[in-house]
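Shown next, in structure tokens, is the structure this report addresses.
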Amino acid sequence: MNNKQLKWLSYITCIIMFCATFGGMVVTKTDSGMGCGQEWPLCHGKFIPAYTISSMIEYSHRAVSGMAGLAALASLIAFWKYKRDRKDLMAYVGMTSVFVVVQAIMGALAVVQPQSAAVMALHFGFSLIAFASSVMLALAMRRVEQSKVPMAEERLAPVSRSFSWLVWGTTIYSYIVVYIGAFVSHTDSREGCSGWPLCNGQVIPDDLSGGVGIAFMHRAAALLLLIVVAIMGHFAYWRNQDNREIQMLGVSATLLCLLQVLSGAVIMMTIHNEDVYVFSALGHTLLIAALFGVLCYLSVRVWQLSRPQKP
């Protein structure tokens with residue numbers, strides 16, 4: 001396979017991985033996790049389940065997750081055969097394959113034997129890592145395929161170590177915020193804080209027990225993430241004017257984080273309208289998935305550009 005074919009394979013894998021992640025979001029937001037009962041891989045004892053909404057959602061997610069596993073396996077084989085000398089590409093495809101399997105196993109276990117909210121939140125976190133890894137594979141392969149264009153790596157200005165640490169810290173913290181957000185959903189603490197931006201009419205609620213404390217912790221963590229991402233975006237744009245890619249990644253991360261916070265306000269406005277709430281909740285989760293993907297790729301790029309350049 002040539003570079004162009006590998007690029008398109010990575011694109012297809014990324015798209016299928018996105019569909020699998022999105023399907024998991026739909027299952028969670030529509031409470032369809034038990035749509036097939038406590039059976040796996042069959043659904044109510046059948047390969048083709050009864051046409052109820054919940055069973056169709058759950059079984060469709062299982063089917064797409066299976067396709068994601070096959071796509072990851074195909075990519076792993078292809079990149080091992082044709083690009084094993086590229087450690088970065090092998091790392092991305094390896095992480096995609098490992099985490100798509102891990103999240104699939106956790107999903108199956110959650111159906112057969114209900115898991116705690118903490119474990120279910122981790123399930124979403126692993127699926128997000130699988131998706132982010134496929135994004136990094138697709139973007140990196142795009143760079144490889146376009147390397148014949150005058151965009152040689154050594155001509156890009158290096159980034160400082162301090163900026164690299166800022167980006168890595170921001171990415172790790174964003175994953176923590178993602179986990180807390182998933183924990184809010186799986187503990188059904190969405191209404192712990194009514195109103196926005198105040199929580200039950202207060203800056204800091206008097207009673208932080210139960211769902212109120214979980215929801216408030218998520219809001220505080222999201223606000224801190226916005227501040228950290230904005231600072232990182234500022235340095236990405238103004239301290240890397242010789243590197244358009246780093247600038248655009250920093251700006252994209254800042255805009256996505258701002259939109260994600262605003263979408264949290266939309267959730268509170270629509271939380272009692274089930275027909276609209278599902279879409280606002282999905283949009284909120286998609287934005288954080290996109291933000292995490294951008295931050296992961298930015299982390300890789302600053303690591304590559306902070307290393308000593310070969311003469």
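By convention here, the chains of the structure tokens are called A, B, ... in the order presented, each chain's residues are numbered starting at 1, and ligands are numbered starting at 1 in the order presented.
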Give me the residues within 10 Å of A:Arg301 as a ChimeraX atom specification, counting only C-alpha atoms and dropping any in the same chain fewer than 2 places off. /A:136,140,159,164,245-246,249,295-299,303-306
Kindly export the residues of the current selection with N, CA, C and O atoms, as a PDB file, in the first residue's frame.
```
ATOM      1  N   MET A 136      -5.247  11.235  15.740  1.00  0.00           N
ATOM      2  CA  MET A 136      -3.809  11.498  15.619  1.00  0.00           C
ATOM      3  C   MET A 136      -3.200  10.686  14.478  1.00  0.00           C
ATOM      4  O   MET A 136      -2.327  11.182  13.751  1.00  0.00           O
ATOM      5  N   ALA A 140      -1.516  12.552  11.350  1.00  0.00           N
ATOM      6  CA  ALA A 140      -0.100  12.265  11.118  1.00  0.00           C
ATOM      7  C   ALA A 140       0.119  11.654   9.742  1.00  0.00           C
ATOM      8  O   ALA A 140       1.081  11.994   9.038  1.00  0.00           O
ATOM      9  N   VAL A 159       9.461  24.561  19.525  1.00  0.00           N
ATOM     10  CA  VAL A 159       8.672  25.153  20.607  1.00  0.00           C
ATOM     11  C   VAL A 159       9.447  24.999  21.914  1.00  0.00           C
ATOM     12  O   VAL A 159      10.301  24.117  22.049  1.00  0.00           O
ATOM     13  N   SER A 164       5.589  23.206  25.999  1.00  0.00           N
ATOM     14  CA  SER A 164       5.261  21.777  25.873  1.00  0.00           C
ATOM     15  C   SER A 164       4.638  21.252  27.159  1.00  0.00           C
ATOM     16  O   SER A 164       3.626  20.539  27.133  1.00  0.00           O
ATOM     17  N   GLU A 245       0.687  25.943  12.167  1.00  0.00           N
ATOM     18  CA  GLU A 245      -0.038  24.766  12.650  1.00  0.00           C
ATOM     19  C   GLU A 245      -0.285  24.858  14.154  1.00  0.00           C
ATOM     20  O   GLU A 245      -1.412  24.642  14.626  1.00  0.00           O
ATOM     21  N   ILE A 246       0.742  25.179  14.932  1.00  0.00           N
ATOM     22  CA  ILE A 246       0.598  25.303  16.382  1.00  0.00           C
ATOM     23  C   ILE A 246      -0.375  26.425  16.716  1.00  0.00           C
ATOM     24  O   ILE A 246      -1.213  26.297  17.625  1.00  0.00           O
ATOM     25  N   LEU A 249      -3.966  25.165  16.020  1.00  0.00           N
ATOM     26  CA  LEU A 249      -4.382  24.163  16.998  1.00  0.00           C
ATOM     27  C   LEU A 249      -4.730  24.821  18.332  1.00  0.00           C
ATOM     28  O   LEU A 249      -5.710  24.448  18.992  1.00  0.00           O
ATOM     29  N   LEU A 295      -6.313  18.540  21.499  1.00  0.00           N
ATOM     30  CA  LEU A 295      -5.264  18.662  22.515  1.00  0.00           C
ATOM     31  C   LEU A 295      -4.271  17.503  22.441  1.00  0.00           C
ATOM     32  O   LEU A 295      -3.063  17.704  22.625  1.00  0.00           O
ATOM     33  N   CYS A 296      -4.772  16.304  22.157  1.00  0.00           N
ATOM     34  CA  CYS A 296      -3.868  15.152  22.027  1.00  0.00           C
ATOM     35  C   CYS A 296      -2.911  15.344  20.855  1.00  0.00           C
ATOM     36  O   CYS A 296      -1.703  15.092  20.973  1.00  0.00           O
ATOM     37  N   TYR A 297      -3.452  15.784  19.719  1.00  0.00           N
ATOM     38  CA  TYR A 297      -2.593  15.991  18.553  1.00  0.00           C
ATOM     39  C   TYR A 297      -1.603  17.133  18.802  1.00  0.00           C
ATOM     40  O   TYR A 297      -0.424  17.035  18.428  1.00  0.00           O
ATOM     41  N   LEU A 298      -2.068  18.188  19.460  1.00  0.00           N
ATOM     42  CA  LEU A 298      -1.172  19.298  19.790  1.00  0.00           C
ATOM     43  C   LEU A 298      -0.065  18.828  20.722  1.00  0.00           C
ATOM     44  O   LEU A 298       1.100  19.248  20.587  1.00  0.00           O
ATOM     45  N   SER A 299      -0.398  17.938  21.662  1.00  0.00           N
ATOM     46  CA  SER A 299       0.614  17.405  22.582  1.00  0.00           C
ATOM     47  C   SER A 299       1.707  16.665  21.824  1.00  0.00           C
ATOM     48  O   SER A 299       2.900  16.799  22.142  1.00  0.00           O
ATOM     49  N   TRP A 303       5.674  17.905  21.333  1.00  0.00           N
ATOM     50  CA  TRP A 303       6.732  16.975  21.726  1.00  0.00           C
ATOM     51  C   TRP A 303       7.719  16.783  20.581  1.00  0.00           C
ATOM     52  O   TRP A 303       8.937  16.790  20.799  1.00  0.00           O
ATOM     53  N   GLN A 304       7.208  16.638  19.366  1.00  0.00           N
ATOM     54  CA  GLN A 304       8.078  16.465  18.216  1.00  0.00           C
ATOM     55  C   GLN A 304       8.923  17.711  17.966  1.00  0.00           C
ATOM     56  O   GLN A 304      10.098  17.612  17.608  1.00  0.00           O
ATOM     57  N   LEU A 305       8.332  18.877  18.156  1.00  0.00           N
ATOM     58  CA  LEU A 305       9.034  20.121  17.858  1.00  0.00           C
ATOM     59  C   LEU A 305       9.904  20.620  19.008  1.00  0.00           C
ATOM     60  O   LEU A 305      10.662  21.576  18.846  1.00  0.00           O
ATOM     61  N   SER A 306       9.777  19.992  20.170  1.00  0.00           N
ATOM     62  CA  SER A 306      10.629  20.389  21.309  1.00  0.00           C
ATOM     63  C   SER A 306      11.900  19.551  21.375  1.00  0.00           C
ATOM     64  O   SER A 306      12.812  19.872  22.132  1.00  0.00           O
TER      65      SER A 306
END
```
*Near-stretch 255-257 of chain A list (8 Å; only C-alpha atoms; drop same-chain fewer than 4 positions) as a list in words*: Leu225, Leu226, Val229, Val251, Val261, Leu287, Ile288, Ala290 and Leu291 of chain A
Take the residues just selected and output them with C-alpha atoms as a PDB file, in the first residue's frame.
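To be explicit, this is the file written out as selection_19.pdb:
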```
ATOM      1  CA  LEU A 225     -10.257  24.066  32.072  1.00  0.00           C
ATOM      2  CA  LEU A 226     -11.508  27.053  30.070  1.00  0.00           C
ATOM      3  CA  VAL A 229      -6.969  26.276  27.650  1.00  0.00           C
ATOM      4  CA  VAL A 251      -7.005  28.732  18.603  1.00  0.00           C
ATOM      5  CA  VAL A 261     -18.788  25.543  28.307  1.00  0.00           C
ATOM      6  CA  LEU A 287     -17.480  19.207  21.642  1.00  0.00           C
ATOM      7  CA  ILE A 288     -15.413  17.806  24.501  1.00  0.00           C
ATOM      8  CA  ALA A 290     -13.281  17.195  19.573  1.00  0.00           C
ATOM      9  CA  LEU A 291     -11.387  19.300  22.134  1.00  0.00           C
TER      10      LEU A 291
END
```
Exercise. Excluding stretch 191-202 of chain A and residues on its chain fewer than 6 positions from it, collect all residues at most 8 Å away from it, counting only C-alpha atoms, and give them as JSON, numbers by chain.
Key: {"A": [210, 211, 212, 213, 214, 215, 216, 265, 268, 269]}
Residue subset to file, keeping N, CA, C and O atoms, as a PDB file, in the first residue's frame:
```pdb
ATOM      1  N   GLY A 210     -23.974  14.673  47.842  1.00  0.00           N
ATOM      2  CA  GLY A 210     -24.707  13.992  46.788  1.00  0.00           C
ATOM      3  C   GLY A 210     -24.504  14.593  45.408  1.00  0.00           C
ATOM      4  O   GLY A 210     -23.406  15.020  45.026  1.00  0.00           O
ATOM      5  N   GLY A 211     -25.609  14.643  44.654  1.00  0.00           N
ATOM      6  CA  GLY A 211     -25.562  15.125  43.278  1.00  0.00           C
ATOM      7  C   GLY A 211     -25.156  16.581  43.156  1.00  0.00           C
ATOM      8  O   GLY A 211     -24.563  16.978  42.140  1.00  0.00           O
ATOM      9  N   VAL A 212     -25.460  17.383  44.172  1.00  0.00           N
ATOM     10  CA  VAL A 212     -25.086  18.806  44.127  1.00  0.00           C
ATOM     11  C   VAL A 212     -23.564  18.941  44.085  1.00  0.00           C
ATOM     12  O   VAL A 212     -23.005  19.694  43.280  1.00  0.00           O
ATOM     13  N   GLY A 213     -22.887  18.195  44.945  1.00  0.00           N
ATOM     14  CA  GLY A 213     -21.427  18.268  44.987  1.00  0.00           C
ATOM     15  C   GLY A 213     -20.788  17.770  43.706  1.00  0.00           C
ATOM     16  O   GLY A 213     -19.809  18.355  43.214  1.00  0.00           O
ATOM     17  N   ILE A 214     -21.339  16.688  43.130  1.00  0.00           N
ATOM     18  CA  ILE A 214     -20.790  16.141  41.884  1.00  0.00           C
ATOM     19  C   ILE A 214     -20.967  17.128  40.740  1.00  0.00           C
ATOM     20  O   ILE A 214     -20.036  17.391  39.970  1.00  0.00           O
ATOM     21  N   ALA A 215     -22.184  17.686  40.614  1.00  0.00           N
ATOM     22  CA  ALA A 215     -22.455  18.643  39.534  1.00  0.00           C
ATOM     23  C   ALA A 215     -21.625  19.909  39.693  1.00  0.00           C
ATOM     24  O   ALA A 215     -21.095  20.444  38.704  1.00  0.00           O
ATOM     25  N   PHE A 216     -21.492  20.393  40.934  1.00  0.00           N
ATOM     26  CA  PHE A 216     -20.709  21.614  41.160  1.00  0.00           C
ATOM     27  C   PHE A 216     -19.234  21.367  40.877  1.00  0.00           C
ATOM     28  O   PHE A 216     -18.552  22.238  40.309  1.00  0.00           O
ATOM     29  N   ALA A 265     -24.474  25.472  29.371  1.00  0.00           N
ATOM     30  CA  ALA A 265     -25.599  26.358  29.688  1.00  0.00           C
ATOM     31  C   ALA A 265     -26.843  25.939  28.921  1.00  0.00           C
ATOM     32  O   ALA A 265     -27.963  25.962  29.456  1.00  0.00           O
ATOM     33  N   MET A 268     -28.642  23.095  30.605  1.00  0.00           N
ATOM     34  CA  MET A 268     -29.478  23.479  31.731  1.00  0.00           C
ATOM     35  C   MET A 268     -30.774  24.136  31.267  1.00  0.00           C
ATOM     36  O   MET A 268     -31.816  24.020  31.922  1.00  0.00           O
ATOM     37  N   MET A 269     -30.734  24.816  30.129  1.00  0.00           N
ATOM     38  CA  MET A 269     -31.941  25.456  29.599  1.00  0.00           C
ATOM     39  C   MET A 269     -32.926  24.440  29.026  1.00  0.00           C
ATOM     40  O   MET A 269     -34.127  24.696  28.967  1.00  0.00           O
TER      41      MET A 269
END
```
Using only C-alpha atoms, the shortest atom-to-atom distance to A:Met90 among A:Ala110, A:Ala182, A:Leu73, A:Leu137 belongs to A:Leu137
So which bits of stretch 84-270 of chain A end up helix (DSSP H, G or I) when you DSSP the backbone, as a PyMOL selection string? chain A and resi 87-112+117-145+153-155+161-186+210-238+244-270
Between atom CA of A:Thr270 and atom CA of A:Ser127 lies a distance of 26.5 Å
10 Å contact set for A:Phe18, only C-alpha atoms, chain neighbours under 6 positions out, as a PyMOL selection string:
chain A and resi 12+24+64-65+68+127-128+130-132+134-135+286+289-290
Discussion item. Need to verify the contact set: stretch 7-9 of chain A, 9 Å, only C-alpha atoms, exclusion of same-chain residues closer than 5 positions in sequence. Can you return it as a VMD selection string?
Written reply: chain A and resid 2 14 71 74 to 75 78 137 to 142 144 to 145
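Taking atom CA of A:Arg143 and atom CA of A:Gly250 as endpoints, the distance between them is 18.2 Å.
The coordinates place atom CA of A:Gly107 at 23.9 Å from atom CA of A:His218.
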